[in-house]
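Note: the block below is entry.cif and it holds mmCIF, C-alpha atoms.
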```cif
data_start
#
loop_
_atom_site.label_atom_id
_atom_site.label_comp_id
_atom_site.auth_asym_id
_atom_site.auth_seq_id
_atom_site.Cartn_x
_atom_site.Cartn_y
_atom_site.Cartn_z
CA MET A 1 0.00 0.00 0.00
CA ILE A 2 1.26 3.49 -0.84
CA VAL A 3 0.98 6.20 1.78
CA SER A 4 0.86 9.82 0.64
CA LYS A 5 1.75 12.96 2.52
CA ARG A 6 1.64 16.58 1.28
CA HIS A 7 4.26 19.17 2.14
CA LYS A 8 2.18 22.29 1.51
CA ARG A 9 4.93 24.82 2.08
CA LEU A 10 7.22 23.01 -0.38
CA THR A 11 4.41 22.18 -2.86
CA LEU A 12 5.77 18.61 -2.85
CA LYS A 13 4.04 15.29 -2.32
CA THR A 14 5.87 12.16 -1.21
CA ARG A 15 4.75 8.60 -1.70
CA VAL A 16 6.20 5.72 0.31
CA ALA A 17 5.74 2.15 -0.93
CA ARG A 18 6.69 -1.13 0.66
CA LYS A 19 7.07 -2.82 -2.75
CA ILE A 20 8.44 -1.10 -5.80
CA THR A 21 5.67 -2.46 -8.03
CA GLU A 22 3.28 -0.17 -6.11
CA ILE A 23 5.08 2.69 -7.88
CA PRO A 24 4.59 3.04 -11.66
CA ALA A 25 7.81 2.04 -13.39
CA ASP A 26 7.67 5.15 -15.58
CA ASP A 27 7.57 7.41 -12.52
CA TRP A 28 10.62 5.71 -11.05
CA ASN A 29 12.61 5.57 -14.28
CA LYS A 30 12.01 9.23 -15.13
CA VAL A 31 14.11 10.39 -12.19
CA TYR A 32 16.18 7.51 -10.83
CA PRO A 33 19.73 7.17 -12.26
CA ASP A 34 20.06 4.94 -15.32
CA ILE A 35 21.95 2.13 -13.61
CA LEU A 36 21.67 -1.65 -13.41
CA GLU A 37 20.46 -1.68 -9.80
CA SER A 38 17.18 0.07 -10.51
CA TYR A 39 13.49 -0.82 -10.75
CA ASN A 40 13.81 -4.48 -11.80
CA PHE A 41 16.68 -5.10 -9.39
CA TYR A 42 14.54 -3.92 -6.48
CA LYS A 43 11.61 -5.91 -7.83
CA THR A 44 13.81 -8.98 -7.48
CA LEU A 45 14.71 -8.10 -3.89
CA ASP A 46 11.01 -7.71 -3.05
CA GLU A 47 10.08 -11.02 -4.66
CA ALA A 48 12.99 -12.93 -3.11
CA GLY A 49 12.30 -11.61 0.40
CA LEU A 50 15.21 -10.30 2.45
CA GLY A 51 14.69 -11.51 6.00
CA GLN A 52 17.02 -8.96 7.61
CA PHE A 53 15.56 -5.89 5.94
CA THR A 54 12.31 -4.06 5.33
CA LEU A 55 12.52 -2.11 2.09
CA PHE A 56 10.81 1.23 1.41
CA TYR A 57 10.64 3.27 -1.77
CA ILE A 58 10.20 7.05 -1.71
CA VAL A 59 9.08 9.06 -4.71
CA VAL A 60 8.63 12.83 -4.58
CA TYR A 61 6.14 14.57 -6.86
CA VAL A 62 5.34 18.11 -7.91
CA ARG A 63 1.69 17.81 -8.84
CA LYS A 64 1.72 14.51 -10.76
CA ASN A 65 5.27 14.80 -12.03
CA PRO A 66 7.98 12.76 -10.28
CA VAL A 67 10.98 14.87 -9.27
CA ALA A 68 12.89 12.41 -7.07
CA ALA A 69 13.15 8.71 -6.22
CA THR A 70 15.21 6.64 -3.84
CA ALA A 71 15.17 3.39 -1.86
CA CYS A 72 15.49 2.96 1.90
CA PHE A 73 15.58 0.01 4.25
CA LEU A 74 14.98 -0.70 7.92
CA VAL A 75 17.58 -2.89 9.60
CA ASN A 76 18.93 -3.91 12.99
CA TYR A 77 22.44 -2.82 12.03
CA PRO A 78 25.53 -4.56 13.56
CA LEU A 79 28.04 -1.74 14.06
CA ASP A 80 30.89 -4.01 15.15
CA THR A 81 31.02 -6.45 12.21
CA SER A 82 34.42 -5.18 11.06
CA ILE A 83 36.14 -5.60 14.43
CA SER A 84 38.41 -8.55 15.15
CA GLY A 85 41.28 -9.54 17.41
CA PRO A 86 41.77 -7.67 20.73
CA LEU A 87 39.20 -5.04 19.77
CA ARG A 88 36.60 -7.77 19.37
CA ARG A 89 37.21 -8.79 22.99
CA VAL A 90 36.73 -5.18 24.09
CA THR A 91 33.43 -4.81 22.22
CA ASN A 92 32.23 -8.16 23.58
CA SER A 93 32.91 -6.91 27.10
CA ILE A 94 30.99 -3.70 26.44
CA LYS A 95 28.08 -5.65 24.99
CA LYS A 96 27.77 -7.65 28.22
CA VAL A 97 26.93 -4.42 30.02
CA MET A 98 25.07 -2.68 27.16
CA PRO A 99 23.93 -5.50 24.84
CA ASN A 100 22.35 -3.24 22.22
CA ILE A 101 25.07 -0.61 21.89
CA PHE A 102 26.64 -2.18 18.78
CA SER A 103 23.36 -3.37 17.28
CA LEU A 104 21.05 -0.46 16.56
CA LYS A 105 17.90 -0.28 14.51
CA ALA A 106 18.28 2.17 11.66
CA VAL A 107 16.41 3.58 8.68
CA ILE A 108 18.97 3.84 5.88
CA CYS A 109 18.70 5.50 2.49
CA GLY A 110 20.38 3.26 -0.07
CA ALA A 111 20.43 -0.49 -0.57
CA PRO A 112 21.88 -3.24 1.64
CA MET A 113 24.27 -4.61 -1.03
CA ASN A 114 25.21 -1.73 -3.29
CA GLN A 115 25.87 1.98 -3.52
CA GLY A 116 23.22 4.47 -2.53
CA LYS A 117 21.55 6.49 -5.25
CA ILE A 118 19.06 9.35 -5.23
CA GLY A 119 17.46 10.56 -8.43
CA ILE A 120 16.65 14.27 -8.28
CA ALA A 121 15.15 16.45 -11.01
CA GLY A 122 14.23 19.62 -9.17
CA ASP A 123 15.03 21.77 -6.14
CA ALA A 124 17.56 19.51 -4.38
CA ASP A 125 17.32 21.29 -1.02
CA ALA A 126 13.53 21.07 -0.83
CA ILE A 127 13.49 17.50 -2.13
CA MET A 128 16.09 16.30 0.38
CA LYS A 129 14.06 17.84 3.21
CA ALA A 130 10.99 15.98 1.98
CA ILE A 131 12.87 12.66 1.75
CA LEU A 132 14.42 13.15 5.18
CA ARG A 133 11.03 13.99 6.68
CA ARG A 134 9.61 10.70 5.46
CA MET A 135 12.66 8.76 6.70
CA GLU A 136 12.22 10.35 10.12
CA GLN A 137 8.56 9.31 10.15
CA ILE A 138 9.49 5.73 9.27
CA ALA A 139 12.17 5.73 12.00
CA LYS A 140 9.78 7.08 14.61
CA LYS A 141 7.08 4.55 13.72
CA ASN A 142 9.55 1.65 13.93
CA LYS A 143 11.40 2.99 17.02
CA ALA A 144 14.67 3.23 15.10
CA PRO A 145 17.15 5.59 16.83
CA ILE A 146 19.35 6.04 13.73
CA VAL A 147 18.74 7.63 10.33
CA ALA A 148 21.49 7.26 7.73
CA PHE A 149 22.51 7.58 4.09
CA LYS A 150 24.74 4.67 3.11
CA ASP A 151 27.55 4.35 0.56
CA PHE A 152 27.08 7.44 -1.60
CA ASP A 153 29.87 8.48 -3.95
CA GLN A 154 31.28 11.93 -4.62
CA THR A 155 28.59 12.79 -7.17
CA HIS A 156 26.14 13.05 -4.27
CA THR A 157 28.20 15.24 -1.91
CA LYS A 158 26.57 18.47 -3.11
CA ILE A 159 23.10 17.29 -2.07
CA LEU A 160 24.17 15.27 1.00
CA ASP A 161 26.82 17.44 2.66
CA PRO A 162 24.15 19.93 3.83
CA LEU A 163 22.77 17.11 6.01
CA GLN A 164 25.59 17.87 8.42
CA LYS A 165 23.73 21.06 9.36
CA ALA A 166 20.77 18.87 10.30
CA GLY A 167 22.74 16.79 12.83
CA PHE A 168 24.29 14.20 10.54
CA SER A 169 27.95 13.20 10.75
CA LYS A 170 29.85 12.22 7.61
CA PHE A 171 32.18 9.22 7.66
CA ASP A 172 34.28 7.34 5.14
CA SER A 173 32.62 4.06 4.22
CA LEU A 174 34.22 1.06 2.56
CA PRO A 175 35.32 2.17 -0.92
CA THR A 176 34.23 0.37 -4.03
CA THR A 177 36.83 -0.78 -6.57
CA ILE A 178 36.91 -0.21 -10.33
CA LEU A 179 39.31 -1.20 -13.08
CA ASN A 180 39.24 0.84 -16.29
CA VAL A 181 39.39 -1.65 -19.16
CA TRP A 182 41.26 -0.21 -22.14
CA PHE A 183 43.69 -3.05 -22.94
CA LYS A 184 43.46 -5.12 -26.11
CA ASP A 185 44.24 -8.37 -24.26
CA PHE A 186 45.26 -9.79 -20.89
CA GLU A 187 48.96 -9.55 -21.72
CA GLU A 188 48.67 -5.81 -22.26
CA TYR A 189 46.86 -5.56 -18.91
CA LEU A 190 49.73 -7.41 -17.20
CA MET A 191 52.17 -4.81 -18.49
CA THR A 192 50.35 -2.13 -16.48
CA LEU A 193 51.26 -3.87 -13.21
CA SER A 194 54.45 -3.70 -11.20
CA SER A 195 57.08 -6.27 -12.14
CA ALA A 196 56.56 -8.05 -8.81
CA SER A 197 52.79 -8.34 -9.31
CA ARG A 198 53.25 -9.40 -12.93
CA TYR A 199 55.73 -12.12 -11.96
CA ASP A 200 53.49 -13.37 -9.15
CA LEU A 201 50.42 -13.66 -11.39
CA ARG A 202 52.30 -15.47 -14.14
CA ARG A 203 53.75 -17.89 -11.60
CA LYS A 204 50.26 -18.63 -10.26
CA PHE A 205 48.80 -19.18 -13.71
CA ARG A 206 51.66 -21.50 -14.76
CA LYS A 207 51.06 -23.58 -11.67
CA VAL A 208 47.33 -23.86 -12.37
CA ASP A 209 47.36 -24.22 -16.16
CA GLY A 210 50.05 -26.88 -16.07
CA HIS A 211 48.37 -29.13 -13.52
CA VAL A 212 44.59 -28.99 -13.82
CA LYS A 213 41.91 -28.37 -16.43
CA ILE A 214 39.34 -25.87 -15.20
CA TYR A 215 36.28 -25.63 -17.45
CA LEU A 216 34.36 -22.36 -17.66
CA GLU A 217 30.72 -22.10 -18.65
CA ILE A 218 28.94 -18.73 -18.90
CA VAL A 219 25.13 -18.69 -18.73
CA ASP A 220 22.48 -16.01 -18.45
CA ALA A 221 20.32 -17.83 -15.91
CA LEU A 222 20.40 -20.66 -13.38
CA GLU A 223 17.98 -23.50 -12.86
CA GLY A 224 17.81 -26.98 -11.39
CA GLY A 225 20.99 -28.52 -10.04
CA ALA A 226 23.24 -25.64 -11.10
CA LEU A 227 21.15 -23.22 -9.04
CA HIS A 228 21.58 -25.33 -5.91
CA GLU A 229 25.30 -25.85 -6.56
CA VAL A 230 25.83 -22.10 -6.84
CA TYR A 231 23.78 -21.36 -3.74
CA LYS A 232 25.78 -23.82 -1.67
CA LEU A 233 29.04 -22.06 -2.60
CA TYR A 234 27.38 -18.69 -1.91
CA LEU A 235 26.41 -19.81 1.60
CA ASP A 236 29.97 -21.01 2.21
CA ILE A 237 31.44 -17.61 1.42
CA VAL A 238 28.80 -15.77 3.46
CA ALA A 239 29.71 -17.94 6.45
CA LYS A 240 33.40 -17.06 6.10
CA HIS A 241 33.01 -13.36 5.29
CA ASP A 242 34.09 -10.95 8.02
CA MET A 243 31.75 -8.24 6.70
CA ASN A 244 28.69 -10.48 6.52
CA PHE A 245 25.67 -8.21 6.08
CA GLU A 246 22.96 -9.32 3.70
CA LEU A 247 21.97 -12.96 3.21
CA LEU A 248 20.19 -13.50 -0.07
CA PRO A 249 17.64 -16.30 -0.42
CA ILE A 250 18.06 -18.76 -3.27
CA GLU A 251 15.08 -17.14 -5.00
CA PHE A 252 17.20 -14.04 -5.69
CA PHE A 253 19.56 -16.00 -7.95
CA LYS A 254 16.59 -17.55 -9.76
CA LYS A 255 14.47 -14.43 -10.22
CA ILE A 256 17.18 -11.89 -11.06
CA SER A 257 17.59 -13.31 -14.58
CA ILE A 258 13.84 -13.33 -15.13
CA ASN A 259 13.49 -9.69 -14.09
CA MET A 260 16.68 -8.46 -15.78
CA PRO A 261 17.03 -10.47 -19.01
CA GLY A 262 20.14 -9.67 -20.98
CA HIS A 263 21.92 -8.13 -18.01
CA THR A 264 22.80 -11.13 -15.81
CA LYS A 265 25.77 -13.46 -16.20
CA PHE A 266 26.74 -16.54 -14.22
CA PHE A 267 30.32 -17.76 -14.64
CA LEU A 268 30.64 -21.40 -13.57
CA TRP A 269 34.06 -23.05 -13.16
CA ARG A 270 34.27 -26.84 -12.85
CA ILE A 271 37.01 -29.39 -12.25
CA ASP A 272 36.09 -32.96 -13.27
CA GLY A 273 32.45 -31.90 -13.43
CA LYS A 274 32.37 -30.47 -9.91
CA LEU A 275 31.52 -26.79 -9.41
CA VAL A 276 34.52 -25.21 -7.67
CA MET A 277 33.77 -21.53 -8.21
CA PHE A 278 31.04 -19.22 -9.47
CA LEU A 279 30.60 -15.54 -10.16
CA PHE A 280 27.30 -13.73 -10.49
CA GLY A 281 27.66 -10.47 -12.39
CA MET A 282 25.54 -7.86 -14.11
CA ALA A 283 26.47 -6.17 -17.35
CA SER A 284 25.41 -3.11 -19.29
CA LYS A 285 26.96 -1.76 -22.47
CA ASP A 286 29.99 -0.24 -20.72
CA LEU A 287 30.03 -1.73 -17.20
CA PHE A 288 30.42 -5.16 -15.63
CA ILE A 289 29.70 -5.55 -11.91
CA ASP A 290 31.33 -8.53 -10.19
CA TYR A 291 28.53 -8.99 -7.66
CA TYR A 292 28.74 -12.30 -5.81
CA VAL A 293 31.29 -15.10 -5.86
CA GLY A 294 31.65 -18.48 -4.24
CA PHE A 295 34.55 -20.90 -3.90
CA ASP A 296 35.19 -24.48 -2.97
CA TYR A 297 37.58 -23.60 -0.15
CA SER A 298 39.24 -27.01 -0.21
CA LEU A 299 40.65 -26.08 -3.64
CA ALA A 300 40.64 -22.26 -3.68
CA LEU A 301 44.21 -21.76 -2.47
CA LYS A 302 45.68 -24.79 -4.19
CA TYR A 303 44.51 -23.63 -7.62
CA HIS A 304 44.54 -19.85 -7.01
CA LEU A 305 40.87 -19.70 -7.93
CA TYR A 306 40.48 -16.01 -7.03
CA PHE A 307 43.04 -15.03 -9.67
CA VAL A 308 41.69 -17.53 -12.22
CA LYS A 309 38.29 -15.92 -11.74
CA PHE A 310 39.76 -12.46 -12.26
CA ARG A 311 41.68 -13.46 -15.42
CA GLU A 312 38.71 -15.07 -17.14
CA THR A 313 36.29 -12.32 -16.14
CA LEU A 314 38.63 -9.60 -17.37
CA ASN A 315 39.11 -11.51 -20.64
CA TRP A 316 35.31 -11.60 -21.02
CA CYS A 317 35.13 -7.84 -20.42
CA ILE A 318 37.84 -7.21 -23.04
CA ARG A 319 36.06 -9.39 -25.62
CA HIS A 320 32.75 -7.59 -25.03
CA LYS A 321 34.34 -4.12 -25.05
CA ILE A 322 33.33 -3.39 -21.45
CA LYS A 323 34.96 -0.14 -20.31
CA GLN A 324 34.78 -0.56 -16.53
CA TYR A 325 35.02 -3.65 -14.34
CA GLU A 326 33.64 -3.06 -10.85
CA MET A 327 34.52 -5.57 -8.13
CA GLY A 328 32.86 -3.94 -5.12
CA ILE A 329 34.00 -3.75 -1.52
CA THR A 330 36.26 -5.81 0.81
CA GLY A 331 39.26 -7.97 -0.11
CA TYR A 332 41.27 -4.84 -0.79
CA GLU A 333 44.86 -6.09 -0.77
CA PRO A 334 44.63 -8.31 -3.90
CA LYS A 335 42.55 -5.66 -5.67
CA ARG A 336 45.19 -3.04 -4.90
CA ARG A 337 47.87 -5.27 -6.41
CA LEU A 338 45.68 -5.97 -9.46
CA GLY A 339 45.50 -2.25 -10.22
CA PHE A 340 41.94 -1.42 -9.19
CA ASP A 341 41.09 2.17 -8.29
CA PHE A 342 39.62 2.74 -4.84
CA ILE A 343 36.51 4.92 -5.23
CA PRO A 344 35.52 6.74 -2.01
CA LEU A 345 32.06 6.18 -0.59
CA TYR A 346 30.53 8.01 2.34
CA LEU A 347 28.11 7.44 5.19
CA TYR A 348 25.92 10.17 6.64
CA VAL A 349 24.62 9.10 10.03
CA LYS A 350 22.44 10.77 12.65
CA LEU A 351 21.45 9.51 16.08
CA ARG A 352 17.99 10.94 16.64
CA ASN A 353 18.64 11.38 20.37
CA ARG A 354 20.43 14.76 20.55
CA MET A 355 21.78 14.16 24.06
CA LEU A 356 23.61 10.97 23.11
CA ARG A 357 24.65 12.14 19.63
CA PRO A 358 28.20 13.33 20.57
CA ILE A 359 29.03 9.96 22.19
CA PHE A 360 27.63 8.08 19.21
CA ASN A 361 29.68 10.17 16.79
CA LEU A 362 32.83 9.46 18.79
CA ILE A 363 32.19 5.70 18.65
CA CYS A 364 31.62 5.88 14.88
CA GLN A 365 34.93 7.69 14.37
CA PHE A 366 36.71 4.94 16.30
CA LEU A 367 35.02 2.23 14.23
CA LYS A 368 36.14 3.61 10.85
CA PHE A 369 36.78 0.73 8.49
CA GLU A 370 40.33 1.74 7.64
CA ASN A 371 41.30 1.21 11.29
CA PHE A 372 40.84 -2.53 10.75
CA ASP A 373 42.08 -3.00 7.17
CA PRO A 374 45.59 -1.68 6.39
CA ALA A 375 44.98 -2.17 2.66
CA LEU A 376 42.45 0.67 2.78
CA LYS A 377 45.15 3.12 3.87
CA LYS A 378 47.41 1.86 1.09
CA GLY A 379 44.52 2.07 -1.34
CA LYS A 380 44.10 5.77 -0.62
CA LYS A 381 47.40 6.26 -2.44
CA GLN A 382 45.76 4.81 -5.54
CA ARG A 383 44.16 7.23 -7.98
CA SER A 384 40.40 7.65 -7.70
CA LEU A 385 37.82 8.64 -10.27
#
```

Rewrite the structure from the file as structure tokens, please.
Amino acid sequence: MIVSKRHKRLTLKTRVARKITEIPADDWNKVYPDILESYNFYKTLDEAGLGQFTLFYIVVYVRKNPVAATACFLVNYPLDTSISGPLRRVTNSIKKVMPNIFSLKAVICGAPMNQGKIGIAGDADAIMKAILRRMEQIAKKNKAPIVAFKDFDQTHTKILDPLQKAGFSKFDSLPTTILNVWFKDFEEYLMTLSSASRYDLRRKFRKVDGHVKIYLEIVDALEGGALHEVYKLYLDIVAKHDMNFELLPIEFFKKISINMPGHTKFFLWRIDGKLVMFLFGMASKDLFIDYYVGFDYSLALKYHLYFVKFRETLNWCIRHKIKQYEMGITGYEPKRRLGFDFIPLYLYVKLRNRMLRPIFNLICQFLKFENFDPALKKGKKQRSL
């Protein structure tokens, strides 16, 4: 059901939907950025059912004309997921006294598994106030103490930086990673790397290519046994991932190809018929997004499957004249050595309780991601877009 609310002074009307199909696709597409993770991507999330999240969609209108659109989600957010080692013991001790301090309910503008986007075609200041007002209403109704804007890139700073005057604090989030693909072949790509990295990759590939035959199949959709094989490897990597956040149901991998025909690719690597690695990606004319991967961990190190995956995916991008290869967040050290650019992303976070806000902001500064991943500090030396 769509709920409407008029902002008379701003001559704006906002509509909040719990499923994106409650919003006309034309209204959404007129204002939302032309990216892969748009209307049909969110339709897939709604149909698959994300147990950890409640999704909301906000569209802003002037009369009957859409002037803005964005997605939000409600989550019980684990603030300490990136902490390990001695610091993990400290946070565990704190949680014994204050069990909810590192797990706070939040209403977040953006999406759980990708960059945040806001489509705006009008007065940005008035529109942002309208969007924030609806987010505050959702937070109040659901007793969420935090309102946030998650993983927005530098193209959004002009519209989001003013939030700091409204009580938000701005923090560096985990950067995404992008490789510009201009090489004619993989050998030319290798020549862009340092001699040490080039030597290391060639050594790995010689070891693999000379000892085992890894078969690659690329399909647009999954069904039957292949779907269950892929999902098993996906669950394995989720269980091992330090930054575990979203857990996708198997229906996501089935429905995404139905809702986004022509844009989904599944790379399946097999040894002696057994699936040992997969990659789910999405492609447009110029961009390939390396979205989810899974490995057979009993063989991943022995056969350097991570680097085999990268080589074959990059070769596919070169053949299809893809201009940018995006590999997302985490796992920064190998990406740094492979020549990926680190693209800054930002969080804007506000604790709704003004009295506790300074303490909350201090905790967030301490929990910055780069404090727990040295590769992020090295990555800042890399060029960014």

**Closest of A:Arg354, A:Met113, A:Tyr189, A:Ile20 to Asn315 of chain A - atom-to-atom distances counting only C-alpha atoms** =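 For Asn315 of chain A, the nearest of the candidates is A:Tyr189.
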
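With all atoms listed in the file as the atoms that count, the minimum distance from Ala126 of chain A to the choices A:Gln52, A:Thr330, A:Thr14, A:Asn259 is reached by A:Thr14.
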
**Prompt:** Could you state the separation of atom CA of Ala111 of chain A and atom CA of Lys150 of chain A in Å, given to one decimal place?
**Reply:** 7.7 Å

When the PyMOL selection byres ((chain A and resi 324) around 10) is applied to the file above, which residues end up in the set, as a PDB file with C-alpha atoms, keeping the file's coordinate frame?
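Everything below was put into expr.pdb:
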```
ATOM      1  CA  ILE A 178      36.910  -0.210 -10.330  1.00  0.00           C
ATOM      2  CA  LEU A 179      39.310  -1.200 -13.080  1.00  0.00           C
ATOM      3  CA  ASN A 180      39.240   0.840 -16.290  1.00  0.00           C
ATOM      4  CA  VAL A 181      39.390  -1.650 -19.160  1.00  0.00           C
ATOM      5  CA  TRP A 182      41.260  -0.210 -22.140  1.00  0.00           C
ATOM      6  CA  LYS A 285      26.960  -1.760 -22.470  1.00  0.00           C
ATOM      7  CA  ASP A 286      29.990  -0.240 -20.720  1.00  0.00           C
ATOM      8  CA  LEU A 287      30.030  -1.730 -17.200  1.00  0.00           C
ATOM      9  CA  PHE A 288      30.420  -5.160 -15.630  1.00  0.00           C
ATOM     10  CA  ILE A 289      29.700  -5.550 -11.910  1.00  0.00           C
ATOM     11  CA  LEU A 314      38.630  -9.600 -17.370  1.00  0.00           C
ATOM     12  CA  CYS A 317      35.130  -7.840 -20.420  1.00  0.00           C
ATOM     13  CA  ILE A 318      37.840  -7.210 -23.040  1.00  0.00           C
ATOM     14  CA  LYS A 321      34.340  -4.120 -25.050  1.00  0.00           C
ATOM     15  CA  ILE A 322      33.330  -3.390 -21.450  1.00  0.00           C
ATOM     16  CA  LYS A 323      34.960  -0.140 -20.310  1.00  0.00           C
ATOM     17  CA  TYR A 325      35.020  -3.650 -14.340  1.00  0.00           C
ATOM     18  CA  GLU A 326      33.640  -3.060 -10.850  1.00  0.00           C
ATOM     19  CA  MET A 327      34.520  -5.570  -8.130  1.00  0.00           C
TER      20      MET A 327
END
```

**Gap from atom CA of Lys213 of chain A to atom CA of Ile271 of chain A - Å, one decimal** = 6.5 Å

**Request:** Pull out every residue that the PyMOL selection byres ((chain A and resi 37) around 12) matches in the shown coordinates and put them as number ranges by chain.
**Result:** A: 29, 32-36, 38-45, 70-71, 110-117, 256, 259-260, 263-264, 281-284, 289, 291

**Request:** Record the distance separating atom CA of Phe360 of chain A and atom CA of Phe73 of chain A, expressed in Å with one decimal.
**Result:** 20.8 Å

**Complete:** One residue among A:Gln137, A:Ser194, A:Gln154, A:Asn142 is nearest to Ile343 of chain A when using all atoms listed in the file, and that residue is A:Gln154

Find the residues near Asp272 of chain A: any atom within 12 Å, counting only C-alpha atoms, skip ones fewer than 4 places away on the same chain, and give them as a JSON list (two decimals) with C-alpha atoms, in the coordinates of the input.
```json
[["chain", "number", "residue", "atom", "x", "y", "z"],
["A", 212, "VAL", "CA", 44.59, -28.99, -13.82],
["A", 213, "LYS", "CA", 41.91, -28.37, -16.43],
["A", 214, "ILE", "CA", 39.34, -25.87, -15.20],
["A", 215, "TYR", "CA", 36.28, -25.63, -17.45],
["A", 216, "LEU", "CA", 34.36, -22.36, -17.66],
["A", 276, "VAL", "CA", 34.52, -25.21, -7.67]]
```

Residues around (8.0, 18.0, -5.2), cut-off 8 Å, counting all atoms listed in the file - what are they as a PDB file with C-alpha atoms, in the coordinates of the input?
```
ATOM      1  CA  LEU A  10       7.220  23.010  -0.380  1.00  0.00           C
ATOM      2  CA  THR A  11       4.410  22.180  -2.860  1.00  0.00           C
ATOM      3  CA  LEU A  12       5.770  18.610  -2.850  1.00  0.00           C
ATOM      4  CA  LYS A  13       4.040  15.290  -2.320  1.00  0.00           C
ATOM      5  CA  THR A  14       5.870  12.160  -1.210  1.00  0.00           C
ATOM      6  CA  VAL A  60       8.630  12.830  -4.580  1.00  0.00           C
ATOM      7  CA  TYR A  61       6.140  14.570  -6.860  1.00  0.00           C
ATOM      8  CA  VAL A  62       5.340  18.110  -7.910  1.00  0.00           C
ATOM      9  CA  ARG A  63       1.690  17.810  -8.840  1.00  0.00           C
ATOM     10  CA  PRO A  66       7.980  12.760 -10.280  1.00  0.00           C
ATOM     11  CA  VAL A  67      10.980  14.870  -9.270  1.00  0.00           C
ATOM     12  CA  ALA A  68      12.890  12.410  -7.070  1.00  0.00           C
ATOM     13  CA  GLY A 122      14.230  19.620  -9.170  1.00  0.00           C
ATOM     14  CA  ALA A 126      13.530  21.070  -0.830  1.00  0.00           C
ATOM     15  CA  ILE A 127      13.490  17.500  -2.130  1.00  0.00           C
TER      16      ILE A 127
END
```

**Message:** Considering all atoms listed in the file, can you say which of A:Leu50, A:Tyr303, A:Ala130, A:Met355 comes closest to Arg206 of chain A?
**Reply:**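 The closest residue to Arg206 of chain A is A:Tyr303.
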
**Request:** Name all residues at most 7 Å from Leu55 of chain A (count all atoms listed in the file; drop same-chain ones fewer than 4 positions away) and give them as number ranges by chain.
**Result:** A: 18, 72-74

**Nearest candidate to Leu301 of chain A (options A:Leu193, A:Val208, A:Ile329, A:Met135; using all atoms listed in the file)** = A:Val208

**Request:** Pick out the closest residue to Thr192 of chain A from this set: A:Gly262, A:Gly331, A:Gly339, A:Gly273. Count only C-alpha atoms.
**Result:**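 Closest to Thr192 of chain A, using only C-alpha atoms: A:Gly339.
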
**Message:** List as number ranges by chain the protein and nucleic acid residues near Asp125 of chain A, meaning an atom at most 10 Å away when only C-alpha atoms are counted, but skip any in the same chain fewer than 6 places from it.
**Reply:** A: 158-160, 162-163

Under the PyMOL selection byres ((chain A and resi 249) around 8), which residues of this model are included? Write them out as a compact mmCIF listing (two decimals) with C-alpha atoms, in the coordinates of the input.
```txt
# COMPACT_ATOMS: atom_id res chain seq x y z
CA ALA A 48 12.99 -12.93 -3.11
CA GLY A 49 12.30 -11.61 0.40
CA LEU A 50 15.21 -10.30 2.45
CA LEU A 247 21.97 -12.96 3.21
CA LEU A 248 20.19 -13.50 -0.07
CA ILE A 250 18.06 -18.76 -3.27
CA GLU A 251 15.08 -17.14 -5.00
CA PHE A 252 17.20 -14.04 -5.69
CA PHE A 253 19.56 -16.00 -7.95
```

**Request:** Name all residues at most 10 Å from Ser173 of chain A (count all atoms listed in the file; drop same-chain ones fewer than 3 positions away) and give them as an MDAnalysis selection string.
**Result:** chainID A and resid 150:153 170 176 329 344:348 368:370

How would segment 181-189 of chain A look with N, CA and C atoms restored, written as an mmCIF file, in the frame of the given file?
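Output saved as rebuild16.cif:
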```cif
data_model
loop_
_atom_site.group_PDB
_atom_site.id
_atom_site.type_symbol
_atom_site.label_atom_id
_atom_site.label_comp_id
_atom_site.auth_asym_id
_atom_site.auth_seq_id
_atom_site.Cartn_x
_atom_site.Cartn_y
_atom_site.Cartn_z
ATOM 1 N N VAL A 181 38.996 -0.608 -18.215
ATOM 2 C CA VAL A 181 39.390 -1.650 -19.160
ATOM 3 C C VAL A 181 39.636 -1.007 -20.533
ATOM 4 N N TRP A 182 40.905 -0.805 -20.854
ATOM 5 C CA TRP A 182 41.260 -0.210 -22.140
ATOM 6 C C TRP A 182 42.253 -1.074 -22.917
ATOM 7 N N PHE A 183 42.662 -2.187 -22.336
ATOM 8 C CA PHE A 183 43.690 -3.050 -22.940
ATOM 9 C C PHE A 183 43.091 -3.915 -24.047
ATOM 10 N N LYS A 184 43.921 -4.275 -24.996
ATOM 11 C CA LYS A 184 43.460 -5.120 -26.110
ATOM 12 C C LYS A 184 43.424 -6.591 -25.723
ATOM 13 N N ASP A 185 44.225 -6.977 -24.713
ATOM 14 C CA ASP A 185 44.240 -8.370 -24.260
ATOM 15 C C ASP A 185 44.824 -8.423 -22.853
ATOM 16 N N PHE A 186 44.805 -9.628 -22.264
ATOM 17 C CA PHE A 186 45.260 -9.790 -20.890
ATOM 18 C C PHE A 186 46.752 -9.498 -20.753
ATOM 19 N N GLU A 187 47.522 -9.804 -21.770
ATOM 20 C CA GLU A 187 48.960 -9.550 -21.720
ATOM 21 C C GLU A 187 49.238 -8.047 -21.623
ATOM 22 N N GLU A 188 48.489 -7.259 -22.358
ATOM 23 C CA GLU A 188 48.670 -5.810 -22.260
ATOM 24 C C GLU A 188 48.277 -5.310 -20.872
ATOM 25 N N TYR A 189 47.216 -5.899 -20.295
ATOM 26 C CA TYR A 189 46.860 -5.560 -18.910
ATOM 27 C C TYR A 189 48.012 -5.856 -17.958
#
```
